[in-house]
>>> print(open('protein-v5.cif').read())   # mmCIF, N, CA and C atoms and all ligand atoms
data_start
loop_
_atom_site.label_atom_id
_atom_site.label_comp_id
_atom_site.auth_asym_id
_atom_site.auth_seq_id
_atom_site.Cartn_x
_atom_site.Cartn_y
_atom_site.Cartn_z
N MET A 1 109.36 157.80 101.64
CA MET A 1 109.22 156.79 102.72
C MET A 1 110.44 155.87 102.76
N MET A 2 110.87 155.40 101.58
CA MET A 2 112.05 154.54 101.48
C MET A 2 113.28 155.26 102.06
N LYS A 3 113.39 156.51 101.68
CA LYS A 3 114.54 157.30 102.09
C LYS A 3 114.58 157.43 103.62
N PHE A 4 113.42 157.70 104.18
CA PHE A 4 113.30 157.88 105.62
C PHE A 4 113.71 156.60 106.35
N GLY A 5 113.27 155.46 105.80
CA GLY A 5 113.62 154.17 106.39
C GLY A 5 115.12 153.93 106.40
N ALA A 6 115.75 154.27 105.30
CA ALA A 6 117.19 154.06 105.19
C ALA A 6 117.95 154.89 106.22
N VAL A 7 117.49 156.11 106.43
CA VAL A 7 118.16 156.98 107.41
C VAL A 7 118.02 156.39 108.81
N LEU A 8 116.83 155.89 109.12
CA LEU A 8 116.60 155.29 110.43
C LEU A 8 117.52 154.10 110.66
N CYS A 9 117.75 153.33 109.61
CA CYS A 9 118.59 152.14 109.73
C CYS A 9 120.05 152.52 109.93
N LEU A 10 120.49 153.54 109.24
CA LEU A 10 121.91 153.91 109.27
C LEU A 10 122.29 154.62 110.57
N LEU A 11 121.36 155.34 111.12
CA LEU A 11 121.69 156.20 112.26
C LEU A 11 122.29 155.46 113.46
N PRO A 12 121.68 154.36 113.92
CA PRO A 12 122.26 153.69 115.10
C PRO A 12 123.69 153.20 114.83
N GLY A 13 123.97 152.70 113.63
CA GLY A 13 125.30 152.23 113.31
C GLY A 13 126.30 153.36 113.35
N TRP A 14 125.88 154.49 112.83
CA TRP A 14 126.78 155.64 112.80
C TRP A 14 127.05 156.14 114.22
N LEU A 15 126.01 156.22 115.02
CA LEU A 15 126.18 156.67 116.40
C LEU A 15 127.09 155.71 117.15
N GLY A 16 126.87 154.40 116.91
CA GLY A 16 127.65 153.38 117.59
C GLY A 16 129.13 153.52 117.30
N SER A 17 129.48 153.69 116.04
CA SER A 17 130.90 153.74 115.72
C SER A 17 131.52 155.06 116.17
N ALA A 18 130.71 156.11 116.23
CA ALA A 18 131.24 157.38 116.70
C ALA A 18 131.47 157.34 118.21
N ALA A 19 130.61 156.60 118.92
CA ALA A 19 130.68 156.59 120.38
C ALA A 19 131.89 155.80 120.88
N MET A 20 132.26 154.73 120.21
CA MET A 20 133.43 153.99 120.69
C MET A 20 134.32 153.57 119.53
N ALA A 21 135.55 153.97 119.63
CA ALA A 21 136.52 153.61 118.61
C ALA A 21 136.91 152.16 118.82
N GLN A 22 136.72 151.33 117.80
CA GLN A 22 137.06 149.93 117.96
C GLN A 22 138.46 149.63 117.45
N THR A 23 139.09 148.67 118.09
CA THR A 23 140.42 148.23 117.71
C THR A 23 140.29 146.84 117.11
N SER A 24 141.10 146.52 116.11
CA SER A 24 141.07 145.18 115.52
C SER A 24 142.17 144.31 116.12
N VAL A 25 141.88 143.02 116.29
CA VAL A 25 142.90 142.09 116.79
C VAL A 25 144.07 141.96 115.81
N ALA A 26 143.88 142.43 114.58
CA ALA A 26 144.97 142.36 113.60
C ALA A 26 146.11 143.31 113.97
N GLY A 27 145.84 144.28 114.85
CA GLY A 27 146.84 145.28 115.18
C GLY A 27 147.77 144.93 116.34
N GLY A 28 147.72 143.69 116.85
CA GLY A 28 148.62 143.33 117.95
C GLY A 28 148.06 143.77 119.29
N VAL A 29 147.08 143.02 119.82
CA VAL A 29 146.38 143.46 121.04
C VAL A 29 146.75 142.67 122.28
N TYR A 30 147.62 141.66 122.13
CA TYR A 30 148.04 140.87 123.30
C TYR A 30 149.57 140.77 123.28
N THR A 31 150.15 140.34 124.40
CA THR A 31 151.61 140.18 124.43
C THR A 31 151.98 138.70 124.28
N GLU A 32 153.21 138.47 123.88
CA GLU A 32 153.73 137.11 123.74
C GLU A 32 153.64 136.37 125.09
N ALA A 33 153.94 137.09 126.19
CA ALA A 33 153.89 136.47 127.52
C ALA A 33 152.48 135.97 127.84
N GLU A 34 151.47 136.75 127.46
CA GLU A 34 150.08 136.31 127.70
C GLU A 34 149.77 135.03 126.93
N ALA A 35 150.19 135.03 125.67
CA ALA A 35 149.91 133.86 124.83
C ALA A 35 150.60 132.62 125.39
N GLN A 36 151.80 132.79 125.96
CA GLN A 36 152.50 131.64 126.53
C GLN A 36 151.81 131.14 127.80
N ARG A 37 151.37 132.06 128.64
CA ARG A 37 150.58 131.64 129.82
C ARG A 37 149.29 130.98 129.36
N GLY A 38 148.71 131.55 128.32
CA GLY A 38 147.46 131.01 127.79
C GLY A 38 147.63 129.61 127.24
N GLN A 39 148.78 129.36 126.63
CA GLN A 39 149.04 128.02 126.09
C GLN A 39 149.07 126.98 127.22
N ALA A 40 149.72 127.35 128.32
CA ALA A 40 149.79 126.42 129.46
C ALA A 40 148.40 126.21 130.06
N ALA A 41 147.63 127.31 130.21
CA ALA A 41 146.28 127.20 130.77
C ALA A 41 145.39 126.37 129.85
N TYR A 42 145.53 126.60 128.56
CA TYR A 42 144.74 125.85 127.58
C TYR A 42 145.03 124.36 127.69
N ALA A 43 146.32 124.03 127.81
CA ALA A 43 146.71 122.61 127.87
C ALA A 43 146.08 121.93 129.08
N SER A 44 145.99 122.64 130.22
CA SER A 44 145.46 121.97 131.40
C SER A 44 143.95 122.07 131.51
N LYS A 45 143.32 123.12 130.96
CA LYS A 45 141.88 123.33 131.20
C LYS A 45 140.99 123.13 129.98
N CYS A 46 141.52 123.15 128.79
CA CYS A 46 140.67 123.16 127.60
C CYS A 46 141.00 122.04 126.60
N ALA A 47 142.28 121.65 126.55
CA ALA A 47 142.73 120.76 125.48
C ALA A 47 142.03 119.40 125.48
N SER A 48 141.64 118.93 126.67
CA SER A 48 141.03 117.60 126.74
C SER A 48 139.78 117.52 125.87
N CYS A 49 139.06 118.63 125.73
CA CYS A 49 137.85 118.63 124.89
C CYS A 49 138.07 119.31 123.54
N HIS A 50 138.78 120.43 123.54
CA HIS A 50 138.91 121.21 122.30
C HIS A 50 140.10 120.78 121.45
N GLY A 51 140.87 119.80 121.93
CA GLY A 51 141.99 119.29 121.14
C GLY A 51 143.30 119.98 121.49
N ARG A 52 144.38 119.22 121.56
CA ARG A 52 145.69 119.79 121.92
C ARG A 52 146.11 120.87 120.95
N ASP A 53 145.81 120.67 119.66
CA ASP A 53 146.19 121.66 118.65
C ASP A 53 145.00 122.54 118.27
N LEU A 54 143.99 122.60 119.14
CA LEU A 54 142.75 123.39 118.94
C LEU A 54 141.85 122.80 117.85
N ASN A 55 142.25 121.64 117.35
CA ASN A 55 141.47 120.97 116.31
C ASN A 55 140.68 119.85 116.96
N SER A 56 139.52 120.17 117.50
CA SER A 56 138.77 119.14 118.22
C SER A 56 138.25 118.07 117.29
N LYS A 57 138.31 116.85 117.77
CA LYS A 57 137.73 115.76 116.99
C LYS A 57 136.51 115.19 117.70
N GLY A 58 136.15 115.76 118.83
CA GLY A 58 135.01 115.27 119.60
C GLY A 58 133.81 116.19 119.52
N ASP A 59 133.05 116.26 120.63
CA ASP A 59 131.82 117.06 120.67
C ASP A 59 132.09 118.56 120.70
N ALA A 60 133.17 118.96 121.36
CA ALA A 60 133.45 120.39 121.48
C ALA A 60 133.90 120.94 120.13
N PRO A 61 133.51 122.18 119.82
CA PRO A 61 133.98 122.76 118.56
C PRO A 61 135.48 123.02 118.60
N GLY A 62 136.16 122.94 117.47
CA GLY A 62 137.56 123.34 117.39
C GLY A 62 137.65 124.85 117.57
N LEU A 63 138.85 125.36 117.82
CA LEU A 63 139.01 126.80 118.04
C LEU A 63 140.01 127.40 117.04
N VAL A 64 140.26 126.67 115.95
CA VAL A 64 141.18 127.18 114.92
C VAL A 64 140.56 126.90 113.56
N GLY A 65 140.92 127.72 112.57
CA GLY A 65 140.43 127.48 111.21
C GLY A 65 138.94 127.76 111.07
N GLU A 66 138.23 126.83 110.45
CA GLU A 66 136.82 127.06 110.14
C GLU A 66 135.94 127.32 111.36
N PRO A 67 136.06 126.51 112.42
CA PRO A 67 135.22 126.81 113.61
C PRO A 67 135.53 128.18 114.21
N PHE A 68 136.80 128.61 114.11
CA PHE A 68 137.15 129.95 114.60
C PHE A 68 136.45 131.00 113.76
N THR A 69 136.47 130.81 112.45
CA THR A 69 135.80 131.74 111.54
C THR A 69 134.33 131.85 111.88
N PHE A 70 133.74 130.69 112.16
CA PHE A 70 132.30 130.63 112.45
C PHE A 70 131.97 131.24 113.81
N GLY A 71 132.75 130.90 114.82
CA GLY A 71 132.39 131.31 116.18
C GLY A 71 132.98 132.62 116.65
N TRP A 72 134.09 133.03 116.08
CA TRP A 72 134.82 134.18 116.63
C TRP A 72 134.77 135.40 115.74
N LYS A 73 134.83 135.23 114.41
CA LYS A 73 134.92 136.40 113.53
C LYS A 73 133.64 137.23 113.57
N GLY A 74 133.82 138.53 113.58
CA GLY A 74 132.68 139.44 113.66
C GLY A 74 132.25 139.72 115.09
N GLN A 75 132.87 139.04 116.05
CA GLN A 75 132.54 139.27 117.45
C GLN A 75 133.60 140.14 118.12
N THR A 76 133.26 140.64 119.31
CA THR A 76 134.26 141.38 120.08
C THR A 76 134.89 140.41 121.08
N LEU A 77 136.07 140.77 121.57
CA LEU A 77 136.69 139.94 122.60
C LEU A 77 135.85 139.96 123.88
N GLY A 78 135.07 141.04 124.06
CA GLY A 78 134.17 141.10 125.21
C GLY A 78 133.13 139.98 125.15
N GLU A 79 132.58 139.77 123.95
CA GLU A 79 131.58 138.70 123.78
C GLU A 79 132.21 137.33 123.99
N ARG A 80 133.40 137.13 123.44
CA ARG A 80 134.09 135.84 123.59
C ARG A 80 134.50 135.60 125.05
N PHE A 81 134.92 136.68 125.71
CA PHE A 81 135.29 136.57 127.12
C PHE A 81 134.09 136.09 127.94
N ALA A 82 132.95 136.74 127.74
CA ALA A 82 131.75 136.39 128.51
C ALA A 82 131.35 134.94 128.24
N ARG A 83 131.42 134.54 126.98
CA ARG A 83 131.04 133.18 126.59
C ARG A 83 131.90 132.15 127.32
N ILE A 84 133.22 132.37 127.32
CA ILE A 84 134.14 131.41 127.95
C ILE A 84 133.97 131.46 129.47
N LYS A 85 133.95 132.66 130.00
CA LYS A 85 133.86 132.85 131.46
C LYS A 85 132.59 132.21 132.02
N GLU A 86 131.48 132.38 131.31
CA GLU A 86 130.19 131.90 131.84
C GLU A 86 129.96 130.42 131.60
N SER A 87 130.60 129.82 130.57
CA SER A 87 130.21 128.44 130.25
C SER A 87 131.34 127.42 130.21
N MET A 88 132.60 127.86 130.34
CA MET A 88 133.71 126.91 130.20
C MET A 88 134.56 126.82 131.48
N PRO A 89 135.19 125.69 131.80
CA PRO A 89 134.83 124.39 131.21
C PRO A 89 133.44 123.98 131.72
N PRO A 90 132.68 123.26 130.90
CA PRO A 90 131.27 123.00 131.22
C PRO A 90 131.04 122.38 132.60
N ASN A 91 131.99 121.57 133.05
CA ASN A 91 131.79 120.92 134.36
C ASN A 91 132.26 121.77 135.53
N ASP A 92 132.78 122.98 135.24
CA ASP A 92 133.27 123.86 136.31
C ASP A 92 133.12 125.31 135.87
N ALA A 93 131.97 125.64 135.27
CA ALA A 93 131.78 126.96 134.65
C ALA A 93 131.79 128.08 135.68
N GLY A 94 132.32 129.22 135.26
CA GLY A 94 132.29 130.41 136.10
C GLY A 94 133.46 130.52 137.06
N ASN A 95 134.36 129.52 137.06
CA ASN A 95 135.45 129.52 138.03
C ASN A 95 136.82 129.87 137.46
N LEU A 96 136.89 130.23 136.18
CA LEU A 96 138.19 130.63 135.62
C LEU A 96 138.46 132.08 136.04
N ALA A 97 139.71 132.35 136.43
CA ALA A 97 140.09 133.73 136.75
C ALA A 97 140.02 134.57 135.47
N ASP A 98 139.66 135.85 135.61
CA ASP A 98 139.56 136.73 134.44
C ASP A 98 140.86 136.73 133.65
N GLN A 99 141.99 136.80 134.37
CA GLN A 99 143.28 136.86 133.68
C GLN A 99 143.52 135.59 132.87
N MET A 100 143.09 134.45 133.40
CA MET A 100 143.30 133.20 132.67
C MET A 100 142.46 133.16 131.39
N VAL A 101 141.23 133.66 131.45
CA VAL A 101 140.38 133.70 130.25
C VAL A 101 141.04 134.57 129.18
N VAL A 102 141.56 135.72 129.61
CA VAL A 102 142.22 136.63 128.68
C VAL A 102 143.48 135.98 128.10
N ASP A 103 144.25 135.29 128.94
CA ASP A 103 145.46 134.62 128.46
C ASP A 103 145.11 133.56 127.40
N VAL A 104 144.06 132.79 127.67
CA VAL A 104 143.67 131.75 126.71
C VAL A 104 143.20 132.39 125.40
N MET A 105 142.48 133.52 125.49
CA MET A 105 142.06 134.20 124.25
C MET A 105 143.28 134.67 123.47
N ALA A 106 144.31 135.15 124.18
CA ALA A 106 145.54 135.58 123.50
C ALA A 106 146.15 134.39 122.76
N TYR A 107 146.17 133.24 123.40
CA TYR A 107 146.72 132.04 122.76
C TYR A 107 145.89 131.64 121.54
N VAL A 108 144.57 131.67 121.67
CA VAL A 108 143.70 131.31 120.53
C VAL A 108 143.94 132.29 119.37
N LEU A 109 144.10 133.57 119.67
CA LEU A 109 144.37 134.55 118.61
C LEU A 109 145.71 134.26 117.94
N LYS A 110 146.70 133.89 118.77
CA LYS A 110 148.03 133.61 118.22
C LYS A 110 147.97 132.42 117.26
N VAL A 111 147.33 131.34 117.70
CA VAL A 111 147.27 130.14 116.85
C VAL A 111 146.53 130.45 115.55
N ASN A 112 145.60 131.40 115.60
CA ASN A 112 144.85 131.76 114.40
C ASN A 112 145.55 132.83 113.55
N GLY A 113 146.79 133.14 113.91
CA GLY A 113 147.60 133.98 113.03
C GLY A 113 147.62 135.46 113.33
N TYR A 114 146.97 135.90 114.43
CA TYR A 114 147.02 137.33 114.78
C TYR A 114 148.30 137.60 115.56
N PRO A 115 149.00 138.68 115.25
CA PRO A 115 150.31 138.92 115.86
C PRO A 115 150.22 139.46 117.29
N PRO A 116 151.26 139.19 118.12
CA PRO A 116 151.34 139.84 119.42
C PRO A 116 151.74 141.31 119.23
N GLY A 117 151.58 142.10 120.29
CA GLY A 117 151.97 143.51 120.22
C GLY A 117 152.64 143.91 121.52
N ALA A 118 152.71 145.21 121.75
CA ALA A 118 153.43 145.71 122.93
C ALA A 118 152.55 145.73 124.18
N ALA A 119 151.24 145.95 123.99
CA ALA A 119 150.37 146.09 125.16
C ALA A 119 149.60 144.81 125.44
N ALA A 120 149.37 144.56 126.72
CA ALA A 120 148.63 143.37 127.13
C ALA A 120 147.13 143.58 126.94
N LEU A 121 146.41 142.49 126.80
CA LEU A 121 144.94 142.57 126.75
C LEU A 121 144.42 143.04 128.10
N PRO A 122 143.39 143.89 128.09
CA PRO A 122 142.77 144.29 129.36
C PRO A 122 141.88 143.15 129.87
N THR A 123 141.55 143.17 131.16
CA THR A 123 140.58 142.20 131.67
C THR A 123 139.21 142.84 131.87
N GLU A 124 139.12 144.18 131.74
CA GLU A 124 137.84 144.87 131.95
C GLU A 124 136.92 144.61 130.75
N ALA A 125 135.67 144.19 131.05
CA ALA A 125 134.71 143.88 130.00
C ALA A 125 134.52 145.05 129.04
N ALA A 126 134.41 146.26 129.57
CA ALA A 126 134.14 147.43 128.71
C ALA A 126 135.25 147.63 127.69
N LYS A 127 136.48 147.39 128.09
CA LYS A 127 137.60 147.55 127.15
C LYS A 127 137.64 146.40 126.15
N LEU A 128 137.37 145.19 126.61
CA LEU A 128 137.37 144.04 125.69
C LEU A 128 136.27 144.19 124.63
N GLU A 129 135.17 144.85 125.00
CA GLU A 129 134.06 145.07 124.06
C GLU A 129 134.51 145.90 122.87
N GLN A 130 135.58 146.65 123.03
CA GLN A 130 136.01 147.55 121.95
C GLN A 130 137.04 146.91 121.02
N ILE A 131 137.39 145.65 121.31
CA ILE A 131 138.36 144.96 120.44
C ILE A 131 137.61 143.95 119.58
N VAL A 132 137.64 144.13 118.27
CA VAL A 132 136.88 143.24 117.38
C VAL A 132 137.78 142.27 116.62
N ILE A 133 137.20 141.11 116.32
CA ILE A 133 137.84 140.14 115.45
C ILE A 133 137.19 140.36 114.09
N PRO A 134 137.91 140.97 113.14
CA PRO A 134 137.27 141.33 111.87
C PRO A 134 136.82 140.09 111.09
N LYS A 135 135.75 140.27 110.32
CA LYS A 135 135.25 139.14 109.51
C LYS A 135 136.21 138.85 108.38
C1 LIG A 201 134.63 118.98 129.25
C2 LIG A 201 134.86 119.44 127.90
C3 LIG A 201 135.23 120.91 127.70
C4 LIG A 201 136.24 121.64 128.31
C5 LIG A 201 137.24 121.15 129.35
C6 LIG A 201 136.18 122.96 127.72
N1 LIG A 201 135.20 123.05 126.79
FE1 LIG A 201 134.72 124.66 125.63
N2 LIG A 201 133.13 123.64 124.85
C7 LIG A 201 132.82 122.33 125.11
C8 LIG A 201 131.60 121.97 124.38
C9 LIG A 201 130.93 120.60 124.41
C10 LIG A 201 131.20 123.12 123.67
C11 LIG A 201 129.97 123.27 122.76
C12 LIG A 201 128.72 123.33 123.59
C13 LIG A 201 128.65 124.59 124.36
O1 LIG A 201 128.76 125.64 123.73
O2 LIG A 201 128.50 124.56 125.58
C14 LIG A 201 132.18 124.16 123.99
C15 LIG A 201 132.15 125.46 123.48
C16 LIG A 201 133.17 126.39 123.64
C17 LIG A 201 133.24 127.67 122.97
C18 LIG A 201 132.22 128.22 122.02
C19 LIG A 201 132.64 127.92 120.63
C20 LIG A 201 132.10 128.90 119.67
O3 LIG A 201 132.59 128.88 118.54
O4 LIG A 201 131.24 129.73 120.01
C21 LIG A 201 134.41 128.26 123.37
C22 LIG A 201 134.94 129.62 122.92
C23 LIG A 201 135.04 127.37 124.29
N3 LIG A 201 134.27 126.24 124.43
C24 LIG A 201 136.25 127.63 124.91
C25 LIG A 201 136.79 126.84 125.92
C26 LIG A 201 137.95 127.20 126.68
C27 LIG A 201 138.77 128.48 126.47
C28 LIG A 201 138.18 126.19 127.57
C29 LIG A 201 139.26 126.12 128.63
C30 LIG A 201 139.25 127.18 129.61
C31 LIG A 201 137.14 125.19 127.36
N4 LIG A 201 136.32 125.63 126.36
C32 LIG A 201 137.05 124.00 128.06
C33 LIG A 201 133.52 121.46 125.92
C34 LIG A 201 134.57 121.81 126.74
#
>>> encode(input="protein-v5.cif", output="structure tokens", more="lines below")
Ligand code: HEC
Amino acid sequence: MMKFGAVLCLLPGWLGSAAMAQTSVAGGVYTEAEAQRGQAAYASKCASCHGRDLNSKGDAPGLVGEPFTFGWKGQTLGERFARIKESMPPNDAGNLADQMVVDVMAYVLKVNGYPPGAAALPTEAAKLEQIVIPK
């Protein structure tokens, strides 16, 4: 019975990883140009609450260091994209262009030490779902 249970638990995980090959943000998933656009967008749309250096001192969580570890690690960029797109900025939610959300994510990844690469981040949700921020 124990053995049977273990197989049931393992199977969905195995099928999941076989069905979609995931990429790690450690491998360079955004371009330097995106991060620079993201920095400008962040300064005008996010910094007032999340802090100029991503170290918020107010109600909003910071987006670097410990809060990043807590909120971002173990998630996919698809999940983070949806979260930002649907709820930020709180007083004007849902109005950020997809490209701007992706640019800001590139900037957040850069500040947290992940390197840029040759290819730009996609804006399609299905592709972003396959990029993980490793724990
Ligand atoms: C008016 C203030 C304000 C602005 C502007 C704002 N945020 Fe937020 N943000 C918050 C608050 C407050 C929270 C926590 C409550 C919540 O989740 O809604 C939050 C939560 C978040 C989270 C979730 C944190 C986590 O670890 O899960 C992310 C990511 C985020 N904001 C990103 C952004 C980005 C990117 C921008 C700019 C496009 C932005 N925010 C603009 C106030 C703001």
>>> residues_around(input="protein-v5.cif", residues="region 122-126 of chain A", least_positions_apart="3", cutoff="6.5 Å", atoms="only N, CA and C atoms", output="ChimeraX atom specification")
/A:78,98-99,129-130
>>> atom_distance(input="protein-v5.cif", atom1="CA of Asp59 (chain A)", atom2="CA of Ala47 (chain A)")
12.5 Å
>>> closest_residue(input="protein-v5.cif", among="A:Gln75, A:Asn55, A:Asn91, A:Thr23", to="ligand LIG 201 (chain A)", atoms="only N, CA and C atoms and all ligand atoms")
A:Asn91
>>> closest_residue(input="protein-v5.cif", among="A:Ser44, A:Ser24, A:Arg80, A:Ile131", to="Met105 (chain A)", atoms="all atoms listed in the file")
A:Arg80
>>> atom_distance(input="protein-v5.cif", atom1="atom C2 of ligand LIG 201 (chain A)", atom2="CA of Tyr30 (chain A)")
25.6 Å
>>> decode(input="protein-v5.cif", residues="region 13-104 of chain A", atoms="C-alpha atoms", output="JSON list (two decimals), in the first residue's frame")
[["chain", "number", "residue", "atom", "x", "y", "z"],
["A", 13, "GLY", "CA", 5.78, 15.27, -11.17],
["A", 14, "TRP", "CA", 7.48, 13.00, -13.63],
["A", 15, "LEU", "CA", 4.87, 13.59, -16.32],
["A", 16, "GLY", "CA", 5.06, 17.33, -15.70],
["A", 17, "SER", "CA", 8.79, 17.58, -16.18],
["A", 18, "ALA", "CA", 8.70, 15.34, -19.23],
["A", 19, "ALA", "CA", 5.94, 17.40, -20.84],
["A", 20, "MET", "CA", 7.73, 20.74, -20.65],
["A", 21, "ALA", "CA", 11.41, 21.40, -20.48],
["A", 22, "GLN", "CA", 11.98, 24.21, -18.01],
["A", 23, "THR", "CA", 14.66, 26.86, -18.31],
["A", 24, "SER", "CA", 16.32, 28.51, -15.30],
["A", 25, "VAL", "CA", 16.76, 32.28, -15.01],
["A", 26, "ALA", "CA", 20.37, 31.49, -14.07],
["A", 27, "GLY", "CA", 21.06, 30.74, -17.74],
["A", 28, "GLY", "CA", 20.61, 34.29, -19.10],
["A", 29, "VAL", "CA", 16.96, 34.64, -20.15],
["A", 30, "TYR", "CA", 16.70, 38.41, -20.74],
["A", 31, "THR", "CA", 18.76, 40.99, -22.63],
["A", 32, "GLU", "CA", 20.64, 43.97, -21.23],
["A", 33, "ALA", "CA", 18.39, 46.27, -23.33],
["A", 34, "GLU", "CA", 15.28, 44.85, -21.63],
["A", 35, "ALA", "CA", 16.75, 45.37, -18.19],
["A", 36, "GLN", "CA", 17.58, 48.99, -19.07],
["A", 37, "ARG", "CA", 14.05, 49.68, -20.32],
["A", 38, "GLY", "CA", 12.81, 47.90, -17.21],
["A", 39, "GLN", "CA", 14.89, 50.13, -14.98],
["A", 40, "ALA", "CA", 13.30, 53.24, -16.48],
["A", 41, "ALA", "CA", 9.79, 51.74, -16.22],
["A", 42, "TYR", "CA", 10.45, 50.67, -12.65],
["A", 43, "ALA", "CA", 11.60, 54.17, -11.70],
["A", 44, "SER", "CA", 8.41, 55.75, -13.01],
["A", 45, "LYS", "CA", 5.81, 53.07, -12.12],
["A", 46, "CYS", "CA", 7.07, 51.04, -9.16],
["A", 47, "ALA", "CA", 9.83, 52.83, -7.23],
["A", 48, "SER", "CA", 7.50, 55.14, -5.31],
["A", 49, "CYS", "CA", 6.22, 52.13, -3.33],
["A", 50, "HIS", "CA", 8.82, 49.38, -3.75],
["A", 51, "GLY", "CA", 11.82, 51.67, -3.20],
["A", 52, "ARG", "CA", 14.27, 53.21, -5.68],
["A", 53, "ASP", "CA", 16.81, 50.48, -4.97],
["A", 54, "LEU", "CA", 14.06, 47.79, -4.68],
["A", 55, "ASN", "CA", 14.50, 47.93, -0.92],
["A", 56, "SER", "CA", 11.08, 49.07, 0.21],
["A", 57, "LYS", "CA", 10.79, 50.71, 3.57],
["A", 58, "GLY", "CA", 7.02, 51.12, 3.42],
["A", 59, "ASP", "CA", 3.98, 48.85, 3.06],
["A", 60, "ALA", "CA", 4.98, 47.32, -0.26],
["A", 61, "PRO", "CA", 7.36, 44.36, -0.10],
["A", 62, "GLY", "CA", 10.93, 44.90, -1.33],
["A", 63, "LEU", "CA", 11.91, 43.11, -4.55],
["A", 64, "VAL", "CA", 15.55, 42.32, -3.76],
["A", 65, "GLY", "CA", 17.27, 40.06, -1.24],
["A", 66, "GLU", "CA", 15.07, 38.37, 1.34],
["A", 67, "PRO", "CA", 11.66, 39.47, -0.01],
["A", 68, "PHE", "CA", 12.77, 38.29, -3.47],
["A", 69, "THR", "CA", 13.72, 34.92, -2.02],
["A", 70, "PHE", "CA", 10.34, 34.71, -0.33],
["A", 71, "GLY", "CA", 8.16, 35.93, -3.19],
["A", 72, "TRP", "CA", 9.98, 34.93, -6.35],
["A", 73, "LYS", "CA", 12.12, 31.82, -5.79],
["A", 74, "GLY", "CA", 10.49, 28.55, -6.75],
["A", 75, "GLN", "CA", 8.03, 30.36, -9.02],
["A", 76, "THR", "CA", 7.91, 30.66, -12.79],
["A", 77, "LEU", "CA", 8.16, 33.97, -14.61],
["A", 78, "GLY", "CA", 4.65, 33.18, -15.86],
["A", 79, "GLU", "CA", 3.34, 33.30, -12.29],
["A", 80, "ARG", "CA", 5.24, 36.50, -11.52],
["A", 81, "PHE", "CA", 4.05, 38.06, -14.78],
["A", 82, "ALA", "CA", 0.40, 37.33, -13.96],
["A", 83, "ARG", "CA", 0.81, 38.65, -10.42],
["A", 84, "ILE", "CA", 2.28, 41.98, -11.58],
["A", 85, "LYS", "CA", 0.01, 42.34, -14.60],
["A", 86, "GLU", "CA", -3.17, 41.69, -12.60],
["A", 87, "SER", "CA", -2.42, 43.67, -9.44],
["A", 88, "MET", "CA", 0.26, 46.34, -10.03],
["A", 89, "PRO", "CA", 0.34, 49.24, -9.61],
["A", 90, "PRO", "CA", -2.55, 48.81, -7.15],
["A", 91, "ASN", "CA", -4.21, 52.10, -8.10],
["A", 92, "ASP", "CA", -4.06, 51.33, -11.84],
["A", 93, "ALA", "CA", -3.99, 47.51, -12.04],
["A", 94, "GLY", "CA", -4.26, 45.70, -15.35],
["A", 95, "ASN", "CA", -3.02, 48.63, -17.45],
["A", 96, "LEU", "CA", 0.68, 47.82, -17.83],
["A", 97, "ALA", "CA", 1.69, 46.74, -21.34],
["A", 98, "ASP", "CA", 2.90, 43.12, -21.48],
["A", 99, "GLN", "CA", 6.30, 44.25, -22.75],
["A", 100, "MET", "CA", 6.69, 46.65, -19.83],
["A", 101, "VAL", "CA", 5.92, 43.91, -17.28],
["A", 102, "VAL", "CA", 8.53, 41.70, -18.93],
["A", 103, "ASP", "CA", 11.08, 44.54, -18.99],
["A", 104, "VAL", "CA", 10.55, 45.22, -15.28]]
